[in-house]
Amino acid sequence: MSLSNIQYYWNTGRHCWGCIIVRFYAHSENSGGKKELVAEHLRETASLTQQFAAAWGGEKEGEVAALLHDLGKYSTLFDKVLKGEVQNIDHATPGAKAALKLYRNQGIAVALAIEGHHDGLLTGIPQELNQRVLMREPVSLRGKTYSSRDIETLLGYFRRDGLVLPQSIESPYQDDYVNNRPIAAMLYTRMLFSALVDGDFIATEAHFNSENEGYCYREAGMKLKPTRMLKALDDYLADIRSASKAEQSIRSLRDDLFRACLKGGEKPRGIYTLTAPTGSGKTLSMLAYALKHAATHNLRRIIIVLPYLSIIEQNAQTYRQVFASLAGDPVLEDHSLLELPEEHRLLAENWDAPIIITTTVRFFEGLFSNRSSACRRLHNIANSVILFDEAQAMPARLTLFTLAAVSQLVHRYRCSVTFATATQPAFETLNETVNLYSGSGWQPEEIVPDHLKLYQRNRQVRVNWLSQLSWEEISKELANKKQVLAVLNTRRQAKILYELVNERSDPGETYHLSTTMCPAHRLAVLDTVRDRLDMKDTLGKSSCRLISTQCIEAGVDIDFPQVWRALGPLEAISQAAGRCNREGRLPHGEVTIFRPPREDDNFPDVNYHRAAVEVQLLLAEKEIDINDPKIIREYYRRYFRNDLKRFGTGKLAEAIQAFDFEETNRLYRWIPANTINILVPYKSQLSTFHDLCLLARKGMFNRDWIKGARPLSVGFWRNQYQEISSFLEPVLNRRNETTDWYILLAKDAYCPKTGLDFARVGVDQYLA
């Protein structure tokens, strides 16, 4: 035993001289050369975790979890870890065992959080947890050696250091487990886990940031100041209204929606829908609702969840303009493509900011994760107003479980949730099933009152429903129109139609938009199209035809007098129609729904196809008015009713029913991880392409490289890689390992009009 670990002192309690007290350390030296005692780390972590969990009344559980999480560090084996003499030591399981020993069933959630605080949550079935903490095998399930199995000795050191645990705790986990509410039980564990790992991270960081004894904590994020922010929003809107080119009817509609949302902010905390037609100013109106609601209920932050990166960047820019007059930047963007400055990166780790704008992937996958990195921010969701825009984008296979988790955020974690869209899904149809999984159902209240009749006032388009047409018939119709947008269901359909219309048009009049094109290419096309729509020639408006995939249907502010849409889900048709006569400058726009020829009448996936079939069945019975919310809700009710059985089945459902955190994390995915990224030589940015190639070949693959490469990348299906591998160069990381990035070697495979197209280099099968 080294002298650094020995303290001689006079123990008046035992009346002995020279009692040897072993000092146990949690962390090695900080920049000032000071080690951190285990007891000090436990106290600091407990103070933070208790504070975090208090957001939903879980402060006692948070305190216990933090005080016991590093109990296993009271061991000579862990001391060897700090000295670098041993590795792969499990110091978490002893603390989990102590929690169960002291608190029995009330300590299950605490034990799970402690057990997983380094390597992730495992399964939440009490019998399995009890078996794991017995530590009968020489190593853990993760292949680590236990730091100690003698819980009584560890607790003896714990008490010797003056640490005291609450006599009792109360946890909802056991009740949720017994009553088979897996979503509720698992989310509670993740929230407690979140408070613990964030407290642990911050306390550890504060130790290493200190140059002596004590702690140097990071600066906390800004606080939400909703009243002041509402004033800034009013000032910003005054400027917007004075500069608006929209017709008076549209401006009046937007003003009414804004006032309704402001009034809606006074409602009690709960689950809400915000249903408003495309182009009605929803972005700023829902911000007004959120600020008013936060002011009314003293909520801590606003979290805006969006399905598409293009919308995130657009909304974040708008909100920053709104709050430009205020000190500091209250808006934190958090998504995988963003390279944040150091101070923002720290805040993004745990969402310590007043307004968060994030992706559906980041938000919802965090609610179902088992990893500390994804769960760390969850505790800061409590006491928030959460806005989910474009609610219709939720994948059908995840709907039931997602609604169950979100309803728990309202029921147990003091949140308010609003689902905003022009085409509001009838999720209340799933109320009973949601209730089975969570104990809290789905019965939302609409914010916008019926008497405003927003959709009736927004009837600025006429809809024509056509039968199946040949490509020749469709292309001839479009080529004869001056300005028209055509939206197709698949990239193949869009490419075929573009080529046919382009052949019938004068050069420079027809454009293509698809995810086969890199983001920089798509933005350039949209800029050109907008310019042509505003341009006039000797015959009036300039000719402009845009043939696009669904990528134009959300987050793209563009206004065509005519829109053609391939038959698809009703929400997709409505979104496409929102790009027709958007500013109300015409008496009415023309929207035409058609079916591609039978041989190419395909859909992206089975759920998309089912939704399109539901539209056909509904159309066979009655006239469909895409501006009528009642029709939209009937469509959704039929869709959910006909497919209700499959919502609660499958491997993900089995993992959730088994309380399996690890498997649930693996299976709950908004976007399947089956694509690769291909860096393409987009003509307008060839120098950037060559620079990125050079950096990649020098082994400089990092976050900066990815940030620069994203605008020049195209996603491609991984299962088709073998057919195109000879045209790609793998990008390796610094350890010389493969990544999911590739460089396109065949320059001709990237078309300046339609993007990535391997048919141009002899690949027979259409792959893109």
# chains A, B, ... in the order shown; residues from 1 in each chain; ligands from 1
>>> select_by_dssp(residues="segment 418-557 of chain A", states="strand (DSSP E or B)", output="PyMOL selection string")
chain A and resi 418-421+445-446+461-468+483-487+510-513+536-537+540-541+544-548
>>> select_by_dssp(residues="segment 505-741 of chain A", states="helix (DSSP H, G or I)", output="ChimeraX atom specification")
/A:519-534,550-552,570-577,598-600,606-621,629-642,644-647,651-657,661-667,683-697,703-712,718-727
>>> residues_around(residues="Leu291 of chain A", least_positions_apart="3", cutoff="8 Å", atoms="only C-alpha atoms", output="list in words")
Pro226, Thr227, Met229, Leu230, Gly265, Leu287, Ala288, Ala294, Ala295 and Ile302 of chain A
>>> write_last_selection(atoms="N, CA and C atoms", output="PDB file, in the first residue's frame")
ATOM      1  N   PRO A 226     -39.408  33.882 -22.047  1.00  0.00           N
ATOM      2  CA  PRO A 226     -40.478  33.877 -23.051  1.00  0.00           C
ATOM      3  C   PRO A 226     -41.150  35.225 -23.260  1.00  0.00           C
ATOM      4  N   THR A 227     -41.333  36.013 -22.207  1.00  0.00           N
ATOM      5  CA  THR A 227     -42.012  37.310 -22.366  1.00  0.00           C
ATOM      6  C   THR A 227     -41.178  38.251 -23.231  1.00  0.00           C
ATOM      7  N   MET A 229     -38.912  37.355 -25.362  1.00  0.00           N
ATOM      8  CA  MET A 229     -38.829  36.774 -26.699  1.00  0.00           C
ATOM      9  C   MET A 229     -40.112  37.018 -27.492  1.00  0.00           C
ATOM     10  N   LEU A 230     -41.261  37.007 -26.815  1.00  0.00           N
ATOM     11  CA  LEU A 230     -42.522  37.314 -27.506  1.00  0.00           C
ATOM     12  C   LEU A 230     -42.518  38.741 -28.040  1.00  0.00           C
ATOM     13  N   GLY A 265     -51.627  29.199 -26.334  1.00  0.00           N
ATOM     14  CA  GLY A 265     -50.541  29.080 -25.374  1.00  0.00           C
ATOM     15  C   GLY A 265     -50.994  29.178 -23.933  1.00  0.00           C
ATOM     16  N   LEU A 287     -44.157  29.086 -32.921  1.00  0.00           N
ATOM     17  CA  LEU A 287     -43.190  29.681 -31.997  1.00  0.00           C
ATOM     18  C   LEU A 287     -43.912  30.580 -30.995  1.00  0.00           C
ATOM     19  N   ALA A 288     -44.887  31.354 -31.473  1.00  0.00           N
ATOM     20  CA  ALA A 288     -45.670  32.214 -30.582  1.00  0.00           C
ATOM     21  C   ALA A 288     -46.417  31.374 -29.551  1.00  0.00           C
ATOM     22  N   ALA A 294     -44.903  28.522 -22.554  1.00  0.00           N
ATOM     23  CA  ALA A 294     -43.790  28.469 -21.604  1.00  0.00           C
ATOM     24  C   ALA A 294     -43.943  29.544 -20.533  1.00  0.00           C
ATOM     25  N   ALA A 295     -44.383  30.726 -20.937  1.00  0.00           N
ATOM     26  CA  ALA A 295     -44.591  31.806 -19.975  1.00  0.00           C
ATOM     27  C   ALA A 295     -45.733  31.466 -19.018  1.00  0.00           C
ATOM     28  N   ILE A 302     -37.940  25.265 -25.055  1.00  0.00           N
ATOM     29  CA  ILE A 302     -38.763  24.919 -26.217  1.00  0.00           C
ATOM     30  C   ILE A 302     -37.938  23.994 -27.092  1.00  0.00           C
TER      31      ILE A 302
END
>>> residues_around(residues="Asp79 of chain A", least_positions_apart="6", cutoff="10 Å", atoms="only C-alpha atoms", output="JSON, numbers by chain")
{"A": [5, 23, 24, 25, 26, 27, 28, 73, 85, 86, 147]}
>>> atom_distance(atom1="atom CA of Arg228 of chain A", atom2="atom CA of Asp255 of chain A")
20.5 Å
>>> atom_distance(atom1="atom CA of Ile21 of chain A", atom2="atom CA of Asp161 of chain A")
10.1 Å
>>> residues_around(residues="segment 41-53 of chain A", least_positions_apart="3", cutoff="6 Å", atoms="only C-alpha atoms", output="PDB file with C-alpha atoms, in the first residue's frame")
ATOM      1  CA  VAL A  38     -14.444   8.746  -4.440  1.00  0.00           C
ATOM      2  CA  GLY A  58     -37.360  11.948  -8.835  1.00  0.00           C
ATOM      3  CA  GLU A  59     -34.748  13.690  -6.686  1.00  0.00           C
ATOM      4  CA  GLY A  62     -31.432  10.521  -8.451  1.00  0.00           C
ATOM      5  CA  GLU A  63     -29.537  11.037  -5.199  1.00  0.00           C
ATOM      6  CA  ALA A  66     -25.470   9.036  -7.911  1.00  0.00           C
ATOM      7  CA  LEU A  67     -24.259   8.099  -4.419  1.00  0.00           C
ATOM      8  CA  ALA A 195     -29.804  12.481 -14.938  1.00  0.00           C
ATOM      9  CA  LEU A 196     -27.105  10.189 -13.574  1.00  0.00           C
ATOM     10  CA  GLY A 199     -24.342  14.547 -13.511  1.00  0.00           C
ATOM     11  CA  ASP A 200     -21.406  12.124 -13.707  1.00  0.00           C
ATOM     12  CA  ALA A 203     -18.837  16.528 -12.215  1.00  0.00           C
TER      13      ALA A 203
END
>>> atom_distance(atom1="atom CA of Asp534 of chain A", atom2="atom CA of Pro519 of chain A")
22.9 Å
>>> residues_around(residues="Arg457 of chain A", least_positions_apart="3", cutoff="9 Å", atoms="only C-alpha atoms", output="PyMOL selection string")
chain A and resi 249-250+253+452-454+460
>>> closest_residue(among="A:Pro172, A:Gln616, A:Phe661, A:Asp450", to="Leu122 of chain A", atoms="only C-alpha atoms")
A:Phe661
>>> residues_around(residues="Tyr455 of chain A", least_positions_apart="5", cutoff="12 Å", atoms="only C-alpha atoms", output="list in words")
Ile250, Leu253, Arg254, Leu257, Thr275, Ala276, Pro277, Thr278, Gly279, Ser280, Ala422, Thr423, Val448, Pro449, Asp450, Gln460, Val461, Ser574, Gly578, Asp625, Ile626, Asn627, Asp628, Pro629, Lys630, Ile631 and Ile632 of chain A
>>> write_last_selection(atoms="N, CA and C atoms", output="PDB file, in the first residue's frame")
ATOM      1  N   ILE A 250     -54.513  35.947 -47.813  1.00  0.00           N
ATOM      2  CA  ILE A 250     -53.492  35.093 -47.203  1.00  0.00           C
ATOM      3  C   ILE A 250     -52.927  35.745 -45.957  1.00  0.00           C
ATOM      4  N   LEU A 253     -55.393  35.338 -43.160  1.00  0.00           N
ATOM      5  CA  LEU A 253     -55.383  33.964 -42.668  1.00  0.00           C
ATOM      6  C   LEU A 253     -54.195  33.749 -41.729  1.00  0.00           C
ATOM      7  N   ARG A 254     -53.017  34.236 -42.127  1.00  0.00           N
ATOM      8  CA  ARG A 254     -51.810  34.076 -41.305  1.00  0.00           C
ATOM      9  C   ARG A 254     -51.943  34.814 -39.977  1.00  0.00           C
ATOM     10  N   LEU A 257     -54.241  32.780 -37.691  1.00  0.00           N
ATOM     11  CA  LEU A 257     -53.550  31.608 -37.143  1.00  0.00           C
ATOM     12  C   LEU A 257     -52.608  32.027 -36.018  1.00  0.00           C
ATOM     13  N   THR A 275     -53.244  22.258 -36.519  1.00  0.00           N
ATOM     14  CA  THR A 275     -53.558  21.890 -37.899  1.00  0.00           C
ATOM     15  C   THR A 275     -53.829  23.142 -38.704  1.00  0.00           C
ATOM     16  N   ALA A 276     -52.967  23.404 -39.679  1.00  0.00           N
ATOM     17  CA  ALA A 276     -53.098  24.623 -40.488  1.00  0.00           C
ATOM     18  C   ALA A 276     -52.593  24.347 -41.890  1.00  0.00           C
ATOM     19  N   PRO A 277     -53.229  24.941 -42.904  1.00  0.00           N
ATOM     20  CA  PRO A 277     -52.832  24.669 -44.287  1.00  0.00           C
ATOM     21  C   PRO A 277     -51.419  25.138 -44.591  1.00  0.00           C
ATOM     22  N   THR A 278     -50.799  24.497 -45.560  1.00  0.00           N
ATOM     23  CA  THR A 278     -49.469  24.878 -46.010  1.00  0.00           C
ATOM     24  C   THR A 278     -49.470  26.330 -46.479  1.00  0.00           C
ATOM     25  N   GLY A 279     -48.446  27.068 -46.067  1.00  0.00           N
ATOM     26  CA  GLY A 279     -48.340  28.464 -46.465  1.00  0.00           C
ATOM     27  C   GLY A 279     -49.082  29.429 -45.567  1.00  0.00           C
ATOM     28  N   SER A 280     -49.565  28.944 -44.399  1.00  0.00           N
ATOM     29  CA  SER A 280     -50.353  29.809 -43.514  1.00  0.00           C
ATOM     30  C   SER A 280     -49.523  30.453 -42.409  1.00  0.00           C
ATOM     31  N   ALA A 422     -50.085  20.288 -41.847  1.00  0.00           N
ATOM     32  CA  ALA A 422     -51.245  20.633 -42.668  1.00  0.00           C
ATOM     33  C   ALA A 422     -52.174  19.434 -42.817  1.00  0.00           C
ATOM     34  N   THR A 423     -51.623  18.239 -42.632  1.00  0.00           N
ATOM     35  CA  THR A 423     -52.398  17.006 -42.787  1.00  0.00           C
ATOM     36  C   THR A 423     -52.269  16.205 -41.498  1.00  0.00           C
ATOM     37  N   VAL A 448     -56.239  25.263 -32.992  1.00  0.00           N
ATOM     38  CA  VAL A 448     -56.907  26.208 -33.893  1.00  0.00           C
ATOM     39  C   VAL A 448     -58.421  25.978 -33.843  1.00  0.00           C
ATOM     40  N   PRO A 449     -59.200  26.962 -33.445  1.00  0.00           N
ATOM     41  CA  PRO A 449     -60.656  26.776 -33.346  1.00  0.00           C
ATOM     42  C   PRO A 449     -61.307  26.596 -34.721  1.00  0.00           C
ATOM     43  N   ASP A 450     -62.367  25.806 -34.744  1.00  0.00           N
ATOM     44  CA  ASP A 450     -63.061  25.506 -35.999  1.00  0.00           C
ATOM     45  C   ASP A 450     -63.606  26.759 -36.685  1.00  0.00           C
ATOM     46  N   GLN A 460     -57.285  27.919 -52.539  1.00  0.00           N
ATOM     47  CA  GLN A 460     -56.677  28.658 -53.634  1.00  0.00           C
ATOM     48  C   GLN A 460     -56.220  27.747 -54.766  1.00  0.00           C
ATOM     49  N   VAL A 461     -56.685  26.466 -54.714  1.00  0.00           N
ATOM     50  CA  VAL A 461     -56.373  25.547 -55.808  1.00  0.00           C
ATOM     51  C   VAL A 461     -57.616  24.746 -56.180  1.00  0.00           C
ATOM     52  N   SER A 574     -51.409  16.626 -50.513  1.00  0.00           N
ATOM     53  CA  SER A 574     -51.679  17.924 -49.899  1.00  0.00           C
ATOM     54  C   SER A 574     -50.407  18.766 -49.809  1.00  0.00           C
ATOM     55  N   GLY A 578     -49.503  22.381 -51.666  1.00  0.00           N
ATOM     56  CA  GLY A 578     -49.038  23.563 -50.941  1.00  0.00           C
ATOM     57  C   GLY A 578     -47.986  24.345 -51.686  1.00  0.00           C
ATOM     58  N   ASP A 625     -61.870  16.293 -51.123  1.00  0.00           N
ATOM     59  CA  ASP A 625     -61.458  17.697 -51.058  1.00  0.00           C
ATOM     60  C   ASP A 625     -60.211  17.757 -50.182  1.00  0.00           C
ATOM     61  N   ILE A 626     -59.033  17.976 -50.782  1.00  0.00           N
ATOM     62  CA  ILE A 626     -57.786  17.946 -50.021  1.00  0.00           C
ATOM     63  C   ILE A 626     -57.671  19.123 -49.058  1.00  0.00           C
ATOM     64  N   ASN A 627     -58.591  20.097 -49.147  1.00  0.00           N
ATOM     65  CA  ASN A 627     -58.613  21.227 -48.226  1.00  0.00           C
ATOM     66  C   ASN A 627     -59.550  21.002 -47.039  1.00  0.00           C
ATOM     67  N   ASP A 628     -60.169  19.839 -46.982  1.00  0.00           N
ATOM     68  CA  ASP A 628     -61.141  19.564 -45.923  1.00  0.00           C
ATOM     69  C   ASP A 628     -60.497  18.697 -44.841  1.00  0.00           C
ATOM     70  N   PRO A 629     -60.274  19.244 -43.644  1.00  0.00           N
ATOM     71  CA  PRO A 629     -59.659  18.451 -42.570  1.00  0.00           C
ATOM     72  C   PRO A 629     -60.445  17.193 -42.227  1.00  0.00           C
ATOM     73  N   LYS A 630     -61.769  17.222 -42.416  1.00  0.00           N
ATOM     74  CA  LYS A 630     -62.576  16.044 -42.111  1.00  0.00           C
ATOM     75  C   LYS A 630     -62.217  14.881 -43.037  1.00  0.00           C
ATOM     76  N   ILE A 631     -61.983  15.201 -44.317  1.00  0.00           N
ATOM     77  CA  ILE A 631     -61.589  14.175 -45.278  1.00  0.00           C
ATOM     78  C   ILE A 631     -60.218  13.606 -44.901  1.00  0.00           C
ATOM     79  N   ILE A 632     -59.308  14.488 -44.528  1.00  0.00           N
ATOM     80  CA  ILE A 632     -57.955  14.058 -44.157  1.00  0.00           C
ATOM     81  C   ILE A 632     -58.015  13.127 -42.950  1.00  0.00           C
TER      82      ILE A 632
END
>>> closest_residue(among="A:Ser475, A:Glu432, A:Gly143, A:Ser168", to="Lys60 of chain A", atoms="only C-alpha atoms")
A:Ser168
>>> decode(residues="segment 261-365 of chain A", atoms="C-alpha atoms", output="PDB file, in the first residue's frame")
ATOM      1  CA  CYS A 261     -51.735  30.066 -31.444  1.00  0.00           C
ATOM      2  CA  LEU A 262     -51.011  32.894 -29.025  1.00  0.00           C
ATOM      3  CA  LYS A 263     -54.349  32.252 -27.316  1.00  0.00           C
ATOM      4  CA  GLY A 264     -53.710  28.520 -27.378  1.00  0.00           C
ATOM      5  CA  GLY A 265     -50.541  29.080 -25.374  1.00  0.00           C
ATOM      6  CA  GLU A 266     -52.736  29.807 -22.345  1.00  0.00           C
ATOM      7  CA  LYS A 267     -54.196  26.279 -22.362  1.00  0.00           C
ATOM      8  CA  PRO A 268     -53.212  23.726 -19.666  1.00  0.00           C
ATOM      9  CA  ARG A 269     -50.212  21.478 -20.203  1.00  0.00           C
ATOM     10  CA  GLY A 270     -51.162  18.513 -22.379  1.00  0.00           C
ATOM     11  CA  ILE A 271     -51.173  16.935 -25.839  1.00  0.00           C
ATOM     12  CA  TYR A 272     -52.218  19.228 -28.688  1.00  0.00           C
ATOM     13  CA  THR A 273     -52.473  19.359 -32.441  1.00  0.00           C
ATOM     14  CA  LEU A 274     -51.875  22.435 -34.553  1.00  0.00           C
ATOM     15  CA  THR A 275     -53.558  21.890 -37.899  1.00  0.00           C
ATOM     16  CA  ALA A 276     -53.098  24.623 -40.488  1.00  0.00           C
ATOM     17  CA  PRO A 277     -52.832  24.669 -44.287  1.00  0.00           C
ATOM     18  CA  THR A 278     -49.469  24.878 -46.010  1.00  0.00           C
ATOM     19  CA  GLY A 279     -48.340  28.464 -46.465  1.00  0.00           C
ATOM     20  CA  SER A 280     -50.353  29.809 -43.514  1.00  0.00           C
ATOM     21  CA  GLY A 281     -47.334  30.969 -41.493  1.00  0.00           C
ATOM     22  CA  LYS A 282     -47.145  27.948 -39.212  1.00  0.00           C
ATOM     23  CA  THR A 283     -43.421  28.357 -38.456  1.00  0.00           C
ATOM     24  CA  LEU A 284     -43.812  31.666 -36.591  1.00  0.00           C
ATOM     25  CA  SER A 285     -47.273  30.904 -35.209  1.00  0.00           C
ATOM     26  CA  MET A 286     -46.146  27.761 -33.438  1.00  0.00           C
ATOM     27  CA  LEU A 287     -43.190  29.681 -31.997  1.00  0.00           C
ATOM     28  CA  ALA A 288     -45.670  32.214 -30.582  1.00  0.00           C
ATOM     29  CA  TYR A 289     -47.718  29.379 -29.075  1.00  0.00           C
ATOM     30  CA  ALA A 290     -44.616  27.819 -27.509  1.00  0.00           C
ATOM     31  CA  LEU A 291     -43.374  31.082 -25.983  1.00  0.00           C
ATOM     32  CA  LYS A 292     -46.800  31.918 -24.565  1.00  0.00           C
ATOM     33  CA  HIS A 293     -47.231  28.383 -23.223  1.00  0.00           C
ATOM     34  CA  ALA A 294     -43.790  28.469 -21.604  1.00  0.00           C
ATOM     35  CA  ALA A 295     -44.591  31.806 -19.975  1.00  0.00           C
ATOM     36  CA  THR A 296     -47.964  30.526 -18.730  1.00  0.00           C
ATOM     37  CA  HIS A 297     -46.567  27.349 -17.143  1.00  0.00           C
ATOM     38  CA  ASN A 298     -43.001  28.386 -16.329  1.00  0.00           C
ATOM     39  CA  LEU A 299     -41.544  25.771 -18.679  1.00  0.00           C
ATOM     40  CA  ARG A 300     -37.773  25.573 -19.046  1.00  0.00           C
ATOM     41  CA  ARG A 301     -37.232  25.292 -22.767  1.00  0.00           C
ATOM     42  CA  ILE A 302     -38.763  24.919 -26.217  1.00  0.00           C
ATOM     43  CA  ILE A 303     -37.809  21.880 -28.284  1.00  0.00           C
ATOM     44  CA  ILE A 304     -38.675  21.940 -31.986  1.00  0.00           C
ATOM     45  CA  VAL A 305     -38.435  18.563 -33.714  1.00  0.00           C
ATOM     46  CA  LEU A 306     -38.278  18.440 -37.519  1.00  0.00           C
ATOM     47  CA  PRO A 307     -37.957  15.545 -39.983  1.00  0.00           C
ATOM     48  CA  TYR A 308     -35.766  17.203 -42.625  1.00  0.00           C
ATOM     49  CA  LEU A 309     -32.416  18.964 -42.361  1.00  0.00           C
ATOM     50  CA  SER A 310     -33.480  21.560 -44.919  1.00  0.00           C
ATOM     51  CA  ILE A 311     -36.359  22.642 -42.647  1.00  0.00           C
ATOM     52  CA  ILE A 312     -34.094  22.739 -39.600  1.00  0.00           C
ATOM     53  CA  GLU A 313     -31.607  25.089 -41.261  1.00  0.00           C
ATOM     54  CA  GLN A 314     -34.439  27.257 -42.609  1.00  0.00           C
ATOM     55  CA  ASN A 315     -36.273  27.476 -39.255  1.00  0.00           C
ATOM     56  CA  ALA A 316     -33.098  28.078 -37.265  1.00  0.00           C
ATOM     57  CA  GLN A 317     -32.179  30.949 -39.561  1.00  0.00           C
ATOM     58  CA  THR A 318     -35.663  32.443 -39.192  1.00  0.00           C
ATOM     59  CA  TYR A 319     -35.657  32.156 -35.391  1.00  0.00           C
ATOM     60  CA  ARG A 320     -32.207  33.713 -35.132  1.00  0.00           C
ATOM     61  CA  GLN A 321     -33.492  36.649 -37.158  1.00  0.00           C
ATOM     62  CA  VAL A 322     -36.459  36.914 -34.780  1.00  0.00           C
ATOM     63  CA  PHE A 323     -34.187  37.101 -31.725  1.00  0.00           C
ATOM     64  CA  ALA A 324     -31.347  39.094 -33.308  1.00  0.00           C
ATOM     65  CA  SER A 325     -32.101  42.083 -31.067  1.00  0.00           C
ATOM     66  CA  LEU A 326     -31.588  40.029 -27.882  1.00  0.00           C
ATOM     67  CA  ALA A 327     -28.262  39.453 -26.180  1.00  0.00           C
ATOM     68  CA  GLY A 328     -26.778  36.056 -26.988  1.00  0.00           C
ATOM     69  CA  ASP A 329     -28.059  33.325 -29.290  1.00  0.00           C
ATOM     70  CA  PRO A 330     -30.915  31.367 -27.659  1.00  0.00           C
ATOM     71  CA  VAL A 331     -31.207  28.876 -30.537  1.00  0.00           C
ATOM     72  CA  LEU A 332     -29.225  25.639 -30.450  1.00  0.00           C
ATOM     73  CA  GLU A 333     -29.294  23.443 -33.545  1.00  0.00           C
ATOM     74  CA  ASP A 334     -28.424  19.840 -32.796  1.00  0.00           C
ATOM     75  CA  HIS A 335     -28.120  17.386 -35.644  1.00  0.00           C
ATOM     76  CA  SER A 336     -25.517  15.034 -37.069  1.00  0.00           C
ATOM     77  CA  LEU A 337     -24.404  17.331 -39.904  1.00  0.00           C
ATOM     78  CA  LEU A 338     -23.604  20.357 -37.784  1.00  0.00           C
ATOM     79  CA  GLU A 339     -20.118  21.249 -36.628  1.00  0.00           C
ATOM     80  CA  LEU A 340     -20.640  23.301 -33.474  1.00  0.00           C
ATOM     81  CA  PRO A 341     -18.185  25.704 -31.847  1.00  0.00           C
ATOM     82  CA  GLU A 342     -16.768  24.418 -28.542  1.00  0.00           C
ATOM     83  CA  GLU A 343     -19.138  26.316 -26.255  1.00  0.00           C
ATOM     84  CA  HIS A 344     -22.198  25.220 -28.252  1.00  0.00           C
ATOM     85  CA  ARG A 345     -20.948  21.638 -28.476  1.00  0.00           C
ATOM     86  CA  LEU A 346     -20.896  21.398 -24.683  1.00  0.00           C
ATOM     87  CA  LEU A 347     -24.477  22.679 -24.490  1.00  0.00           C
ATOM     88  CA  ALA A 348     -25.596  20.295 -27.239  1.00  0.00           C
ATOM     89  CA  GLU A 349     -24.359  17.300 -25.245  1.00  0.00           C
ATOM     90  CA  ASN A 350     -27.192  17.773 -22.773  1.00  0.00           C
ATOM     91  CA  TRP A 351     -29.453  20.360 -24.476  1.00  0.00           C
ATOM     92  CA  ASP A 352     -28.746  23.084 -21.933  1.00  0.00           C
ATOM     93  CA  ALA A 353     -30.236  25.887 -24.049  1.00  0.00           C
ATOM     94  CA  PRO A 354     -33.585  27.736 -24.135  1.00  0.00           C
ATOM     95  CA  ILE A 355     -34.602  26.766 -27.692  1.00  0.00           C
ATOM     96  CA  ILE A 356     -33.503  23.468 -29.228  1.00  0.00           C
ATOM     97  CA  ILE A 357     -34.032  22.681 -32.909  1.00  0.00           C
ATOM     98  CA  THR A 358     -33.279  19.057 -33.670  1.00  0.00           C
ATOM     99  CA  THR A 359     -34.144  16.172 -35.963  1.00  0.00           C
ATOM    100  CA  THR A 360     -36.760  13.498 -35.429  1.00  0.00           C
ATOM    101  CA  VAL A 361     -33.913  10.973 -35.531  1.00  0.00           C
ATOM    102  CA  ARG A 362     -32.007  12.652 -32.690  1.00  0.00           C
ATOM    103  CA  PHE A 363     -35.061  13.323 -30.535  1.00  0.00           C
ATOM    104  CA  PHE A 364     -37.024  10.104 -30.833  1.00  0.00           C
ATOM    105  CA  GLU A 365     -34.144   7.641 -31.098  1.00  0.00           C
TER     106      GLU A 365
END
